[in-house]
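To start, the structure itself, in structure tokens.
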Amino acid sequence: MKRLFESTAELDARASEKFGLGDEILMENAAASIANFIRKKFKKRTKILGVCGAGNNAADVFAALRMLALDYEASFYACEKELKPLAAKQCQRALEAGVREAGEIGEAACIIDGIFGSGLSRQLGASHIKTIEILNENKAYKIACDVPSGLNKQGAILGACVNADVTICMGARKIGLYSDAAKDYTGKILLARLGVSSKNFSVQSEDHLLTRRDMKLPFRGKNDTNKGDFGHVFVLAGEHKGAAMMAANAANAIGAGLVSVVSQSEISSLEENIMQAKSLSAKMNAGALGMGLGRQNCAGLALDELADKALVIDADMCYEPRVIELLRSNENIVITPHPKEFCSLLALADIAHIDIKTLQSDRFKFAREWSLKFKNVLLLKGANTIIAQNGRLYIMRHGTSALAKGGSGDVLSGLVAGLLAQGYSPLDAAVTASLAHALGARKFKKNDYALSPKNIIEGVKCLRKK
């Protein structure tokens with residue numbers, strides 16, 4: 001896991017106090033990271049253009065251009081006439097080093113975006129939006145300094161946003177770079193160190209970025225075992241039985257010893273390794289409910305039968321008022337809503353009465369608020385999945401648009417249930433399942449629009465130890 005921060009202002013201040021690294025030293029190190037990246041990627045004499053605002057991000061860019069001057073055709077376009085003190089100082093230094101001022105955003109091999117930083121807190125005006133539109137239309141390779149301009153620290157886009165090929169994040173990773181909205185604008189995210197190691201620069205954080213190493217697959221190291229050692233998953237089937245079947249197949253693929261689909265009516269198309277039952281049994285220790293179940297069936301569930309089971313709750317159950325009672329009585333639950341379903345849950349819990357647009361503008365805030373009210377694990381689906389428990393957030397960024405298909409969520413629920421059945425904690429099950437789901441989908445080598453739930457399951461089967 002890698003630490004995430006909403007803002008690094010406190011970290012900058014700590015570096016200054018503890019290590020004597022003042023603002024200008026930090027700025028020089030930030031600028032050197034940009035300049036060194038450009039030196040590795042572009043040949044000398046290449047045209048490099050900085051697009052600069054008035055603040056510290058602009059100052060970083062001015063300093064980087066000064067470091068590149070004369071080796072490269074370095075110039076800047078100023079979006080603001082009046083610069084803040086550090087930006088003005090760095091601009092003057094750049095001019096003295098041979099950096100030229102450009103009258104427009106013209107042709108260049110590389111453009112460095114230094115218009116706004118993560119402290120942006122207002123909607124952009126028409127002139128800034130126009131500047132960003134011109135910048136985005138330019139075919140140059142684009143580097144965002146710290147964050148793409150137009151993105152705030154919560155990861156919302158305030159009118160327009162620079163579409164970067166790479167974002168060089170200064171000092172520590174900003175959580176706003178991993179919002180759903182940010183995913184189409186950040187490009188590759190790199191971390192620049194500002195004169196000390198990451199461990200010295202950053203302190204403990206409540207928020208983390210998941211990496212592939214956080215996926216702990218249930219590989220079997222012991223030989224003297226039987227199927228009962230790996231748990232028994234049940235999946236409740238209802239109106240759309242295909243959803244239950246996909247969840248069941250996923251639970252089987254991730255290692256559950258036994259998997260049963262619970263349905264009153266006969267299901268003739270189950271795979272041979274999936275059983276059918278008409279009711280729950282004591283030996284079924286983990287279950288998945290909600291996917292394809294139907295609102296009426298959700299309303300008729302006997303919740304007392306679920307009190308001692310590890311559970312995955314999804315889909316239709318997110319609209320059932322009694323789900324709040326179930327969440328309060330059973331902490332061994334992972335709930336996996338998509339944004340619309342999460343809006344319903346927030347309303348049922350009387351946390352917030354909001355629409356999807358409001359939720360998506362600050363997913364981190366609402367996920368954290370939910371996790372402070374309920375002890376269970378929240379897995380909020382999206383372009384970047386948020387896993388939340390006890391106020392801590394874990395961001396899974398490996399998902400792709402190929403997963404935007406009916407049935408993908410059912411597979412994810414089945415993976416979580418399969419891990420819960422094998423003794424994983426709700427948090428560990430959510431972390432490993434979300435990573436396996438996303439990385440398994442990346443095993444698919446055909447067109448991204450053609451991915452099916454079965455392809456995801458096949459990909460999960462092929463994941464390897466790292």
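Going through the structure tokens in order, the chains are called A, B, and so on, while each chain numbers its residues from 1 and the ligands are numbered from 1 in the order shown.
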Would you list the contacts of range 298-310 of chain A as a list of chain:residue names, taking every protein, DNA or RNA residue within 6 Å and counting only C-alpha atoms, but skipping same-chain residues closer than 2 positions in sequence?
A:Asn285, A:Ala286, A:Arg295, A:Gln296, A:Asn330, A:Asn332, A:Ile333
Selection to disk with all heavy atoms, as a PDB file, in the first residue's frame:
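Final output, selection_26.pdb:
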```
ATOM      1  N   ASN A 285     -21.209 -21.043   5.468  1.00  0.00           N
ATOM      2  CA  ASN A 285     -20.648 -20.023   6.363  1.00  0.00           C
ATOM      3  C   ASN A 285     -20.508 -18.638   5.745  1.00  0.00           C
ATOM      4  O   ASN A 285     -20.233 -17.661   6.439  1.00  0.00           O
ATOM      5  CB  ASN A 285     -19.266 -20.475   6.882  1.00  0.00           C
ATOM      6  CG  ASN A 285     -18.238 -20.628   5.782  1.00  0.00           C
ATOM      7  OD1 ASN A 285     -18.529 -21.111   4.690  1.00  0.00           O
ATOM      8  ND2 ASN A 285     -17.010 -20.225   6.057  1.00  0.00           N
ATOM      9  N   ALA A 286     -20.692 -18.520   4.421  1.00  0.00           N
ATOM     10  CA  ALA A 286     -20.594 -17.212   3.778  1.00  0.00           C
ATOM     11  C   ALA A 286     -21.575 -17.144   2.620  1.00  0.00           C
ATOM     12  O   ALA A 286     -21.780 -18.148   1.916  1.00  0.00           O
ATOM     13  CB  ALA A 286     -19.173 -16.959   3.273  1.00  0.00           C
ATOM     14  N   ARG A 295     -36.616  -6.766  -5.723  1.00  0.00           N
ATOM     15  CA  ARG A 295     -36.992  -5.989  -4.533  1.00  0.00           C
ATOM     16  C   ARG A 295     -37.962  -6.770  -3.636  1.00  0.00           C
ATOM     17  O   ARG A 295     -37.859  -6.732  -2.419  1.00  0.00           O
ATOM     18  CB  ARG A 295     -37.639  -4.666  -4.957  1.00  0.00           C
ATOM     19  CG  ARG A 295     -36.777  -3.795  -5.864  1.00  0.00           C
ATOM     20  CD  ARG A 295     -35.738  -3.033  -5.100  1.00  0.00           C
ATOM     21  NE  ARG A 295     -34.958  -2.186  -5.993  1.00  0.00           N
ATOM     22  CZ  ARG A 295     -35.245  -0.920  -6.286  1.00  0.00           C
ATOM     23  NH1 ARG A 295     -36.299  -0.343  -5.717  1.00  0.00           N
ATOM     24  NH2 ARG A 295     -34.492  -0.232  -7.110  1.00  0.00           N
ATOM     25  N   GLN A 296     -38.914  -7.477  -4.247  1.00  0.00           N
ATOM     26  CA  GLN A 296     -39.905  -8.213  -3.456  1.00  0.00           C
ATOM     27  C   GLN A 296     -39.252  -9.341  -2.664  1.00  0.00           C
ATOM     28  O   GLN A 296     -39.564  -9.559  -1.480  1.00  0.00           O
ATOM     29  CB  GLN A 296     -41.007  -8.767  -4.366  1.00  0.00           C
ATOM     30  CG  GLN A 296     -42.181  -9.379  -3.606  1.00  0.00           C
ATOM     31  CD  GLN A 296     -43.325  -9.761  -4.523  1.00  0.00           C
ATOM     32  OE1 GLN A 296     -43.343  -9.409  -5.695  1.00  0.00           O
ATOM     33  NE2 GLN A 296     -44.281 -10.508  -3.986  1.00  0.00           N
ATOM     34  N   ASN A 330     -24.735  -7.360  12.204  1.00  0.00           N
ATOM     35  CA  ASN A 330     -23.720  -8.304  11.713  1.00  0.00           C
ATOM     36  C   ASN A 330     -22.552  -7.492  11.146  1.00  0.00           C
ATOM     37  O   ASN A 330     -22.662  -6.885  10.082  1.00  0.00           O
ATOM     38  CB  ASN A 330     -24.327  -9.215  10.646  1.00  0.00           C
ATOM     39  CG  ASN A 330     -23.356 -10.273  10.153  1.00  0.00           C
ATOM     40  OD1 ASN A 330     -22.164 -10.249  10.467  1.00  0.00           O
ATOM     41  ND2 ASN A 330     -23.858 -11.221   9.367  1.00  0.00           N
ATOM     42  N   ASN A 332     -19.752  -8.745  10.087  1.00  0.00           N
ATOM     43  CA  ASN A 332     -18.975  -9.567   9.155  1.00  0.00           C
ATOM     44  C   ASN A 332     -19.557  -9.478   7.739  1.00  0.00           C
ATOM     45  O   ASN A 332     -19.917 -10.482   7.133  1.00  0.00           O
ATOM     46  CB  ASN A 332     -18.977 -11.017   9.649  1.00  0.00           C
ATOM     47  CG  ASN A 332     -17.775 -11.793   9.126  1.00  0.00           C
ATOM     48  OD1 ASN A 332     -16.812 -11.225   8.630  1.00  0.00           O
ATOM     49  ND2 ASN A 332     -17.843 -13.109   9.234  1.00  0.00           N
ATOM     50  N   ILE A 333     -19.630  -8.240   7.225  1.00  0.00           N
ATOM     51  CA  ILE A 333     -20.302  -7.970   5.958  1.00  0.00           C
ATOM     52  C   ILE A 333     -19.440  -7.063   5.084  1.00  0.00           C
ATOM     53  O   ILE A 333     -18.808  -6.129   5.569  1.00  0.00           O
ATOM     54  CB  ILE A 333     -21.675  -7.295   6.194  1.00  0.00           C
ATOM     55  CG1 ILE A 333     -22.665  -8.269   6.847  1.00  0.00           C
ATOM     56  CG2 ILE A 333     -22.262  -6.758   4.889  1.00  0.00           C
ATOM     57  CD1 ILE A 333     -23.995  -7.640   7.198  1.00  0.00           C
TER      58      ILE A 333
END
```
Which polymer residues have any atom within 12 Å of an atom of range 154-158 of chain A, counting only C-alpha atoms, with same-chain residues fewer than 3 positions away left out, as a ChimeraX atom specification?
/A:4-7,116-126,128-129,132,147-151,161-163,174-186,357-366,384
Hey, what does DSSP flag as alpha helix (DSSP H) within range 169-363 of chain A? Can you give it to me as a PyMOL selection string?
chain A and resi 198-201+241-253+295-299+323-329+339-348+356-361+363
Using only C-alpha atoms, which of the listed residues (A:Gly159, A:Pro218, A:Gly407, A:Gly292) sits closest to Glu133 in chain A?
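Looking only at the distances to Glu133 in chain A, the closest residue turns out to be A:Gly159.
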Which residue is closest to Ser425 in chain A? Choose from A:Lys188, A:Lys283, A:Lys373, A:Lys216 and count only C-alpha atoms.
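Smallest separation from Ser425 in chain A among the options: A:Lys216.
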